[in-house]
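This is coords.pdb. It holds PDB, C-alpha atoms.
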```pdb
ATOM      1  CA  MET A   1      35.245 110.161  20.938  1.00  0.00           C
ATOM      2  CA  THR A   2      38.314 109.853  23.132  1.00  0.00           C
ATOM      3  CA  ALA A   3      38.378 110.440  26.889  1.00  0.00           C
ATOM      4  CA  ARG A   4      40.231 113.693  26.372  1.00  0.00           C
ATOM      5  CA  GLN A   5      37.570 114.996  23.972  1.00  0.00           C
ATOM      6  CA  ARG A   6      34.798 114.003  26.403  1.00  0.00           C
ATOM      7  CA  ARG A   7      36.502 115.899  29.246  1.00  0.00           C
ATOM      8  CA  LEU A   8      36.951 118.928  26.992  1.00  0.00           C
ATOM      9  CA  ALA A   9      33.235 118.780  26.057  1.00  0.00           C
ATOM     10  CA  TRP A  10      32.255 118.623  29.755  1.00  0.00           C
ATOM     11  CA  VAL A  11      34.521 121.563  30.621  1.00  0.00           C
ATOM     12  CA  ALA A  12      33.047 123.582  27.731  1.00  0.00           C
ATOM     13  CA  ALA A  13      29.486 122.721  28.843  1.00  0.00           C
ATOM     14  CA  ILE A  14      30.215 123.701  32.461  1.00  0.00           C
ATOM     15  CA  LEU A  15      31.842 126.993  31.438  1.00  0.00           C
ATOM     16  CA  SER A  16      28.897 127.764  29.141  1.00  0.00           C
ATOM     17  CA  GLY A  17      26.448 127.076  31.989  1.00  0.00           C
ATOM     18  CA  VAL A  18      28.354 129.279  34.438  1.00  0.00           C
ATOM     19  CA  GLY A  19      28.577 132.071  31.873  1.00  0.00           C
ATOM     20  CA  LEU A  20      24.861 131.866  31.088  1.00  0.00           C
ATOM     21  CA  SER A  21      23.997 131.888  34.811  1.00  0.00           C
ATOM     22  CA  ALA A  22      26.160 134.973  35.369  1.00  0.00           C
ATOM     23  CA  LEU A  23      24.508 136.738  32.422  1.00  0.00           C
ATOM     24  CA  VAL A  24      21.012 136.041  33.788  1.00  0.00           C
ATOM     25  CA  ALA A  25      22.034 137.209  37.286  1.00  0.00           C
ATOM     26  CA  PHE A  26      23.540 140.479  36.005  1.00  0.00           C
ATOM     27  CA  LYS A  27      20.469 141.134  33.836  1.00  0.00           C
ATOM     28  CA  ALA A  28      18.147 140.647  36.842  1.00  0.00           C
ATOM     29  CA  PHE A  29      20.362 142.892  38.982  1.00  0.00           C
ATOM     30  CA  ASP A  30      20.283 145.671  36.372  1.00  0.00           C
ATOM     31  CA  GLN A  31      16.483 145.521  36.122  1.00  0.00           C
ATOM     32  CA  ASN A  32      16.086 145.883  39.898  1.00  0.00           C
ATOM     33  CA  LEU A  33      18.573 148.728  40.244  1.00  0.00           C
ATOM     34  CA  LEU A  34      17.034 152.154  40.983  1.00  0.00           C
ATOM     35  CA  TYR A  35      19.120 155.146  39.937  1.00  0.00           C
ATOM     36  CA  PHE A  36      18.841 158.502  41.725  1.00  0.00           C
ATOM     37  CA  VAL A  37      18.415 161.620  39.587  1.00  0.00           C
ATOM     38  CA  ASP A  38      17.809 165.244  40.502  1.00  0.00           C
ATOM     39  CA  PRO A  39      15.467 167.621  38.632  1.00  0.00           C
ATOM     40  CA  SER A  40      18.358 169.257  36.734  1.00  0.00           C
ATOM     41  CA  GLN A  41      19.378 165.877  35.307  1.00  0.00           C
ATOM     42  CA  VAL A  42      15.775 165.147  34.297  1.00  0.00           C
ATOM     43  CA  VAL A  43      15.497 168.492  32.480  1.00  0.00           C
ATOM     44  CA  ALA A  44      18.860 167.831  30.782  1.00  0.00           C
ATOM     45  CA  GLY A  45      17.548 164.476  29.501  1.00  0.00           C
ATOM     46  CA  LYS A  46      19.928 162.371  31.605  1.00  0.00           C
ATOM     47  CA  ALA A  47      17.159 160.389  33.325  1.00  0.00           C
ATOM     48  CA  PRO A  48      16.760 156.709  32.405  1.00  0.00           C
ATOM     49  CA  GLN A  49      14.141 156.421  29.660  1.00  0.00           C
ATOM     50  CA  GLY A  50      11.507 153.731  30.104  1.00  0.00           C
ATOM     51  CA  LYS A  51      12.958 152.597  33.450  1.00  0.00           C
ATOM     52  CA  SER A  52      12.025 153.282  37.052  1.00  0.00           C
ATOM     53  CA  PHE A  53      14.291 155.612  38.988  1.00  0.00           C
ATOM     54  CA  ARG A  54      14.335 157.825  42.072  1.00  0.00           C
ATOM     55  CA  ILE A  55      14.029 161.579  41.945  1.00  0.00           C
ATOM     56  CA  GLY A  56      14.601 163.855  44.903  1.00  0.00           C
ATOM     57  CA  GLY A  57      14.322 167.486  45.820  1.00  0.00           C
ATOM     58  CA  MET A  58      12.294 170.020  47.749  1.00  0.00           C
ATOM     59  CA  VAL A  59       8.522 170.338  47.311  1.00  0.00           C
ATOM     60  CA  THR A  60       7.906 173.783  45.820  1.00  0.00           C
ATOM     61  CA  LYS A  61       5.711 176.023  47.987  1.00  0.00           C
ATOM     62  CA  GLY A  62       2.223 176.494  46.572  1.00  0.00           C
ATOM     63  CA  SER A  63       2.525 173.564  44.156  1.00  0.00           C
ATOM     64  CA  VAL A  64       0.574 170.838  45.983  1.00  0.00           C
ATOM     65  CA  VAL A  65      -2.810 170.210  44.318  1.00  0.00           C
ATOM     66  CA  ARG A  66      -5.125 167.468  45.567  1.00  0.00           C
ATOM     67  CA  LEU A  67      -7.883 166.323  43.221  1.00  0.00           C
ATOM     68  CA  PRO A  68     -11.220 166.310  45.069  1.00  0.00           C
ATOM     69  CA  GLY A  69     -12.788 162.877  45.550  1.00  0.00           C
ATOM     70  CA  SER A  70      -9.607 160.947  44.770  1.00  0.00           C
ATOM     71  CA  LEU A  71      -6.201 160.144  46.219  1.00  0.00           C
ATOM     72  CA  GLU A  72      -4.398 161.811  43.308  1.00  0.00           C
ATOM     73  CA  VAL A  73      -1.924 164.541  44.247  1.00  0.00           C
ATOM     74  CA  ARG A  74       0.150 166.711  41.950  1.00  0.00           C
ATOM     75  CA  PHE A  75       3.115 168.756  43.085  1.00  0.00           C
ATOM     76  CA  VAL A  76       6.419 170.108  41.841  1.00  0.00           C
ATOM     77  CA  ILE A  77       9.875 169.351  43.224  1.00  0.00           C
ATOM     78  CA  THR A  78      12.954 171.462  42.676  1.00  0.00           C
ATOM     79  CA  ASP A  79      16.687 171.404  43.254  1.00  0.00           C
ATOM     80  CA  PHE A  80      16.562 175.229  43.122  1.00  0.00           C
ATOM     81  CA  ALA A  81      17.840 175.207  39.549  1.00  0.00           C
ATOM     82  CA  HIS A  82      15.114 173.233  37.737  1.00  0.00           C
ATOM     83  CA  SER A  83      11.692 171.825  38.598  1.00  0.00           C
ATOM     84  CA  VAL A  84       9.834 168.627  37.708  1.00  0.00           C
ATOM     85  CA  PRO A  85       6.073 168.038  38.070  1.00  0.00           C
ATOM     86  CA  ILE A  86       5.088 164.866  39.922  1.00  0.00           C
ATOM     87  CA  ARG A  87       1.790 162.967  39.965  1.00  0.00           C
ATOM     88  CA  TYR A  88       1.091 160.447  42.718  1.00  0.00           C
ATOM     89  CA  THR A  89      -1.999 158.422  43.571  1.00  0.00           C
ATOM     90  CA  GLY A  90      -2.109 157.122  47.112  1.00  0.00           C
ATOM     91  CA  LEU A  91      -1.590 158.187  50.691  1.00  0.00           C
ATOM     92  CA  LEU A  92       1.287 160.585  51.251  1.00  0.00           C
ATOM     93  CA  PRO A  93       3.575 160.245  54.288  1.00  0.00           C
ATOM     94  CA  ASP A  94       2.548 162.254  57.358  1.00  0.00           C
ATOM     95  CA  LEU A  95       5.706 164.355  57.072  1.00  0.00           C
ATOM     96  CA  PHE A  96       4.980 165.409  53.473  1.00  0.00           C
ATOM     97  CA  ARG A  97       4.454 169.175  53.104  1.00  0.00           C
ATOM     98  CA  GLU A  98       5.552 172.109  50.981  1.00  0.00           C
ATOM     99  CA  GLY A  99       9.174 173.114  51.485  1.00  0.00           C
ATOM    100  CA  GLN A 100      10.018 169.550  52.587  1.00  0.00           C
ATOM    101  CA  GLY A 101      12.668 167.282  51.065  1.00  0.00           C
ATOM    102  CA  ILE A 102      11.269 164.143  49.414  1.00  0.00           C
ATOM    103  CA  ILE A 103      12.321 161.208  47.272  1.00  0.00           C
ATOM    104  CA  ALA A 104       9.878 159.635  44.815  1.00  0.00           C
ATOM    105  CA  HIS A 105      10.151 156.292  42.990  1.00  0.00           C
ATOM    106  CA  GLY A 106       8.563 155.962  39.566  1.00  0.00           C
ATOM    107  CA  ARG A 107       9.082 156.742  35.904  1.00  0.00           C
ATOM    108  CA  LEU A 108       8.972 159.691  33.560  1.00  0.00           C
ATOM    109  CA  GLN A 109       5.950 159.889  31.267  1.00  0.00           C
ATOM    110  CA  ASN A 110       5.273 162.799  28.884  1.00  0.00           C
ATOM    111  CA  GLY A 111       7.454 165.210  30.870  1.00  0.00           C
ATOM    112  CA  GLU A 112       5.738 164.378  34.161  1.00  0.00           C
ATOM    113  CA  PHE A 113       7.089 162.013  36.810  1.00  0.00           C
ATOM    114  CA  MET A 114       4.536 159.300  37.656  1.00  0.00           C
ATOM    115  CA  ALA A 115       5.402 158.278  41.217  1.00  0.00           C
ATOM    116  CA  ASP A 116       4.694 154.819  42.632  1.00  0.00           C
ATOM    117  CA  GLU A 117       5.992 155.757  46.093  1.00  0.00           C
ATOM    118  CA  VAL A 118       6.795 159.032  47.885  1.00  0.00           C
ATOM    119  CA  LEU A 119       9.142 159.195  50.875  1.00  0.00           C
ATOM    120  CA  ALA A 120       9.574 162.254  53.116  1.00  0.00           C
ATOM    121  CA  LYS A 121      12.489 163.034  55.378  1.00  0.00           C
ATOM    122  CA  HIS A 122      11.867 162.078  59.000  1.00  0.00           C
ATOM    123  CA  ASP A 123      13.189 165.082  60.913  1.00  0.00           C
ATOM    124  CA  GLU A 124      14.544 168.572  60.362  1.00  0.00           C
ATOM    125  CA  LYS A 125      18.211 167.580  60.196  1.00  0.00           C
ATOM    126  CA  TYR A 126      18.040 164.408  58.084  1.00  0.00           C
ATOM    127  CA  MET A 127      18.264 164.563  54.317  1.00  0.00           C
ATOM    128  CA  PRO A 128      19.030 161.617  52.036  1.00  0.00           C
ATOM    129  CA  PRO A 129      22.697 161.820  50.950  1.00  0.00           C
ATOM    130  CA  GLU A 130      21.799 161.986  47.251  1.00  0.00           C
ATOM    131  CA  VAL A 131      19.454 164.948  47.786  1.00  0.00           C
ATOM    132  CA  ALA A 132      21.966 166.745  50.027  1.00  0.00           C
ATOM    133  CA  GLN A 133      24.710 166.340  47.402  1.00  0.00           C
ATOM    134  CA  SER A 134      22.517 167.581  44.539  1.00  0.00           C
ATOM    135  CA  LEU A 135      21.376 170.581  46.604  1.00  0.00           C
ATOM    136  CA  LYS A 136      24.993 171.461  47.485  1.00  0.00           C
ATOM    137  CA  THR A 137      25.888 171.724  43.803  1.00  0.00           C
ATOM    138  CA  ALA A 138      22.743 173.714  42.903  1.00  0.00           C
ATOM    139  CA  PRO A 139      22.551 177.534  43.017  1.00  0.00           C
ATOM    140  CA  GLN A 140      21.261 179.128  46.220  1.00  0.00           C
ATOM    141  CA  PRO A 141      17.447 179.264  46.603  1.00  0.00           C
ATOM    142  CA  SER A 142      15.520 182.438  45.991  1.00  0.00           C
ATOM    143  CA  ALA A 143      13.346 184.005  48.687  1.00  0.00           C
ATOM    144  CA  SER A 144      10.195 182.381  47.247  1.00  0.00           C
ATOM    145  CA  LEU A 145      11.668 178.883  47.593  1.00  0.00           C
ATOM    146  CA  SER A 146      12.775 179.134  51.211  1.00  0.00           C
ATOM    147  CA  THR A 147      13.156 175.830  53.048  1.00  0.00           C
ATOM    148  CA  GLN A 148      12.353 177.393  56.433  1.00  0.00           C
ATOM    149  CA  PRO A 149       8.936 176.512  57.884  1.00  0.00           C
ATOM    150  CA  ALA A 150       6.369 179.273  58.116  1.00  0.00           C
ATOM    151  CA  GLN A 151       5.728 180.824  61.528  1.00  0.00           C
ATOM    152  CA  GLY A 152       3.520 178.676  63.700  1.00  0.00           C
ATOM    153  CA  GLN A 153       4.492 175.435  61.913  1.00  0.00           C
ATOM    154  CA  PRO A 154       6.712 172.830  63.600  1.00  0.00           C
TER     155      PRO A 154
END
```

Write the structure described by the file as C-alpha cells, please.
Amino acid sequence: MTARQRRLAWVAAILSGVGLSALVAFKAFDQNLLYFVDPSQVVAGKAPQGKSFRIGGMVTKGSVVRLPGSLEVRFVITDFAHSVPIRYTGLLPDLFREGQGIIAHGRLQNGEFMADEVLAKHDEKYMPPEVAQSLKTAPQPSASLSTQPAQGQP
C-alpha cells in the first residue's frame, strides 16, 4: 500500500467516524425532543404516535375527578374546538383548577393522554406561547366553557 493510499484510507476512516458521530447525536436529539400539540391536532390524528409530547389547553369545568384513596386524577382539556381526556397520577400543582390553562407531558394511549407531568400557569396574565397561539386560532368559547373565575375565587 502506497503512502497516498494510506492517507486516503485515514481520511475515509475519519469521515466515517464523524458521520457516525453526527448520526448518533441527531438520533439522541430527536428522541429527547418534546413536540407541543393542541387537542384539535390530537383529535385529527396529528399527534406523535408512540412518542412523548406536550399537550396544552384549558381544563374543562366540571371535568376533574379524583379517585378516592389514590393520587390518580382524571380531567379533560379543551382548546374550545375539541377535548382530550387526561389521566395523571401524582400531586398536581397548587395553581391547577378548572378553567385554568395547563400543559401536560406524556403520551397518548387508547384515546386518553397519560400524563407524566402537569404544569399550570403561574398567574392570571401568563399563558405559554404555544397554548396562546392555539387558542387564538380556535373558535370562541361557549358560555359553559368560560375562562373567568367564579365569584369569590381569586

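Evaluating the PyMOL selection byres ((chain A and resi 60-64) around 8) against the shown model yields Met58, Val59, Val65, Arg66, Val73, Arg74, Phe75, Val76, Ile77, Thr78, Glu98, Gly99, Ser144 and Leu145 of chain A.
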
For atom CA of Arg87 of chain A and atom CA of Glu112 of chain A, the interatomic separation in Å (one decimal):
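A separation of 7.2 Å between them.
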
One decimal, Å: what's the distance from atom CA of Thr2 of chain A over to atom CA of Ser16 of chain A, could you say?
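Going from atom CA of Thr2 of chain A over to atom CA of Ser16 of chain A, I get 21.1 Å.
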
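When the PyMOL selection byres ((chain A and resi 56) around 10) is evaluated on the file shown here, the picked residues come out as Phe36, Val37, Asp38, Pro39, Arg54, Ile55, Gly57, Met58, Val59, Ile77, Thr78, Asp79, Val84, Gly101, Ile102, Ile103, Ala104, His105, Val118, Leu119, Ala120, Pro128, Glu130, Val131, Ala132, Ser134 and Leu135 of chain A.
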
Hits from the PyMOL selection byres ((chain A and resi 89) around 6), listed as a ChimeraX atom specification:
/A:71-72,88,90

Nearest to Asp116 of chain A: which of A:Met1, A:Leu95, A:Ala25, A:Ile86 is it, counting only C-alpha atoms?
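The answer is A:Ile86, which sits nearest to Asp116 of chain A.
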
Centre and edges of the segment 18-34 of chain A box, axis-aligned, 5 Å extra per side, as lines of an AutoDock Vina configuration file:
```
center_x = 22.3
center_y = 140.7
center_z = 36.0
size_x = 22.5
size_y = 32.9
size_z = 19.9
```

Using all atoms listed in the file, pick whichever of A:Phe96, A:Ser40, A:Ser70, A:Gly106 has the shortest atom-to-atom distance to Thr137 of chain A.
A:Ser40

Kindly reconstruct segment 84-116 of chain A with N, CA and C atoms and present the result as a PDB file, in the frame of the given file.
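Wrote it out as out.pdb, contents follow:
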```pdb
ATOM      1  N   VAL A  84      10.480 169.737  38.400  1.00  0.00           N
ATOM      2  CA  VAL A  84       9.834 168.627  37.708  1.00  0.00           C
ATOM      3  C   VAL A  84       8.464 168.399  38.350  1.00  0.00           C
ATOM      4  N   PRO A  85       7.395 168.350  37.519  1.00  0.00           N
ATOM      5  CA  PRO A  85       6.073 168.038  38.070  1.00  0.00           C
ATOM      6  C   PRO A  85       5.954 166.546  38.384  1.00  0.00           C
ATOM      7  N   ILE A  86       5.264 166.248  39.489  1.00  0.00           N
ATOM      8  CA  ILE A  86       5.088 164.866  39.922  1.00  0.00           C
ATOM      9  C   ILE A  86       3.605 164.607  40.133  1.00  0.00           C
ATOM     10  N   ARG A  87       3.166 163.416  39.723  1.00  0.00           N
ATOM     11  CA  ARG A  87       1.790 162.967  39.965  1.00  0.00           C
ATOM     12  C   ARG A  87       1.876 161.678  40.772  1.00  0.00           C
ATOM     13  N   TYR A  88       1.090 161.618  41.845  1.00  0.00           N
ATOM     14  CA  TYR A  88       1.091 160.447  42.718  1.00  0.00           C
ATOM     15  C   TYR A  88      -0.340 160.132  43.113  1.00  0.00           C
ATOM     16  N   THR A  89      -0.693 158.860  43.102  1.00  0.00           N
ATOM     17  CA  THR A  89      -1.999 158.422  43.571  1.00  0.00           C
ATOM     18  C   THR A  89      -1.784 157.495  44.749  1.00  0.00           C
ATOM     19  N   GLY A  90      -2.273 157.913  45.906  1.00  0.00           N
ATOM     20  CA  GLY A  90      -2.109 157.122  47.112  1.00  0.00           C
ATOM     21  C   GLY A  90      -2.005 158.029  48.317  1.00  0.00           C
ATOM     22  N   LEU A  91      -1.729 157.426  49.460  1.00  0.00           N
ATOM     23  CA  LEU A  91      -1.590 158.187  50.691  1.00  0.00           C
ATOM     24  C   LEU A  91      -0.167 158.706  50.807  1.00  0.00           C
ATOM     25  N   LEU A  92      -0.034 159.983  51.078  1.00  0.00           N
ATOM     26  CA  LEU A  92       1.287 160.585  51.251  1.00  0.00           C
ATOM     27  C   LEU A  92       1.756 160.379  52.689  1.00  0.00           C
ATOM     28  N   PRO A  93       3.062 160.370  52.922  1.00  0.00           N
ATOM     29  CA  PRO A  93       3.575 160.245  54.288  1.00  0.00           C
ATOM     30  C   PRO A  93       3.099 161.421  55.144  1.00  0.00           C
ATOM     31  N   ASP A  94       2.994 161.198  56.446  1.00  0.00           N
ATOM     32  CA  ASP A  94       2.548 162.254  57.358  1.00  0.00           C
ATOM     33  C   ASP A  94       3.466 163.467  57.328  1.00  0.00           C
ATOM     34  N   LEU A  95       4.745 163.257  57.064  1.00  0.00           N
ATOM     35  CA  LEU A  95       5.706 164.355  57.072  1.00  0.00           C
ATOM     36  C   LEU A  95       5.771 165.121  55.753  1.00  0.00           C
ATOM     37  N   PHE A  96       4.981 164.727  54.767  1.00  0.00           N
ATOM     38  CA  PHE A  96       4.980 165.409  53.473  1.00  0.00           C
ATOM     39  C   PHE A  96       4.335 166.781  53.627  1.00  0.00           C
ATOM     40  N   ARG A  97       5.012 167.817  53.146  1.00  0.00           N
ATOM     41  CA  ARG A  97       4.454 169.175  53.104  1.00  0.00           C
ATOM     42  C   ARG A  97       5.312 170.021  52.176  1.00  0.00           C
ATOM     43  N   GLU A  98       4.809 171.193  51.849  1.00  0.00           N
ATOM     44  CA  GLU A  98       5.552 172.109  50.981  1.00  0.00           C
ATOM     45  C   GLU A  98       6.817 172.567  51.692  1.00  0.00           C
ATOM     46  N   GLY A  99       7.895 172.708  50.918  1.00  0.00           N
ATOM     47  CA  GLY A  99       9.174 173.114  51.485  1.00  0.00           C
ATOM     48  C   GLY A  99       9.931 171.960  52.110  1.00  0.00           C
ATOM     49  N   GLN A 100       9.435 170.746  51.989  1.00  0.00           N
ATOM     50  CA  GLN A 100      10.018 169.550  52.587  1.00  0.00           C
ATOM     51  C   GLN A 100      10.823 168.773  51.543  1.00  0.00           C
ATOM     52  N   GLY A 101      11.899 168.134  51.955  1.00  0.00           N
ATOM     53  CA  GLY A 101      12.668 167.282  51.065  1.00  0.00           C
ATOM     54  C   GLY A 101      11.993 165.932  50.904  1.00  0.00           C
ATOM     55  N   ILE A 102      11.894 165.446  49.675  1.00  0.00           N
ATOM     56  CA  ILE A 102      11.269 164.143  49.414  1.00  0.00           C
ATOM     57  C   ILE A 102      12.076 163.365  48.395  1.00  0.00           C
ATOM     58  N   ILE A 103      11.818 162.068  48.337  1.00  0.00           N
ATOM     59  CA  ILE A 103      12.321 161.208  47.272  1.00  0.00           C
ATOM     60  C   ILE A 103      11.117 160.440  46.747  1.00  0.00           C
ATOM     61  N   ALA A 104      10.979 160.370  45.437  1.00  0.00           N
ATOM     62  CA  ALA A 104       9.878 159.635  44.815  1.00  0.00           C
ATOM     63  C   ALA A 104      10.440 158.551  43.903  1.00  0.00           C
ATOM     64  N   HIS A 105       9.782 157.400  43.879  1.00  0.00           N
ATOM     65  CA  HIS A 105      10.151 156.292  42.990  1.00  0.00           C
ATOM     66  C   HIS A 105       9.096 156.231  41.894  1.00  0.00           C
ATOM     67  N   GLY A 106       9.517 156.075  40.662  1.00  0.00           N
ATOM     68  CA  GLY A 106       8.563 155.962  39.566  1.00  0.00           C
ATOM     69  C   GLY A 106       9.258 156.099  38.236  1.00  0.00           C
ATOM     70  N   ARG A 107       8.504 156.566  37.244  1.00  0.00           N
ATOM     71  CA  ARG A 107       9.082 156.742  35.904  1.00  0.00           C
ATOM     72  C   ARG A 107       8.553 158.003  35.263  1.00  0.00           C
ATOM     73  N   LEU A 108       9.312 158.483  34.296  1.00  0.00           N
ATOM     74  CA  LEU A 108       8.972 159.691  33.560  1.00  0.00           C
ATOM     75  C   LEU A 108       8.012 159.338  32.433  1.00  0.00           C
ATOM     76  N   GLN A 109       6.931 160.138  32.317  1.00  0.00           N
ATOM     77  CA  GLN A 109       5.950 159.889  31.267  1.00  0.00           C
ATOM     78  C   GLN A 109       5.433 161.235  30.768  1.00  0.00           C
ATOM     79  N   ASN A 110       5.713 161.548  29.518  1.00  0.00           N
ATOM     80  CA  ASN A 110       5.273 162.799  28.884  1.00  0.00           C
ATOM     81  C   ASN A 110       5.700 164.038  29.673  1.00  0.00           C
ATOM     82  N   GLY A 111       6.924 164.055  30.159  1.00  0.00           N
ATOM     83  CA  GLY A 111       7.454 165.210  30.870  1.00  0.00           C
ATOM     84  C   GLY A 111       7.013 165.322  32.311  1.00  0.00           C
ATOM     85  N   GLU A 112       6.217 164.378  32.779  1.00  0.00           N
ATOM     86  CA  GLU A 112       5.738 164.378  34.161  1.00  0.00           C
ATOM     87  C   GLU A 112       6.207 163.090  34.823  1.00  0.00           C
ATOM     88  N   PHE A 113       6.616 163.182  36.082  1.00  0.00           N
ATOM     89  CA  PHE A 113       7.089 162.013  36.810  1.00  0.00           C
ATOM     90  C   PHE A 113       5.889 161.341  37.453  1.00  0.00           C
ATOM     91  N   MET A 114       5.642 160.080  37.097  1.00  0.00           N
ATOM     92  CA  MET A 114       4.536 159.300  37.656  1.00  0.00           C
ATOM     93  C   MET A 114       5.102 158.484  38.819  1.00  0.00           C
ATOM     94  N   ALA A 115       4.815 158.910  40.041  1.00  0.00           N
ATOM     95  CA  ALA A 115       5.402 158.278  41.217  1.00  0.00           C
ATOM     96  C   ALA A 115       4.590 157.069  41.672  1.00  0.00           C
ATOM     97  N   ASP A 116       5.307 156.004  42.033  1.00  0.00           N
ATOM     98  CA  ASP A 116       4.694 154.819  42.632  1.00  0.00           C
ATOM     99  C   ASP A 116       4.764 154.902  44.151  1.00  0.00           C
TER     100      ASP A 116
END
```
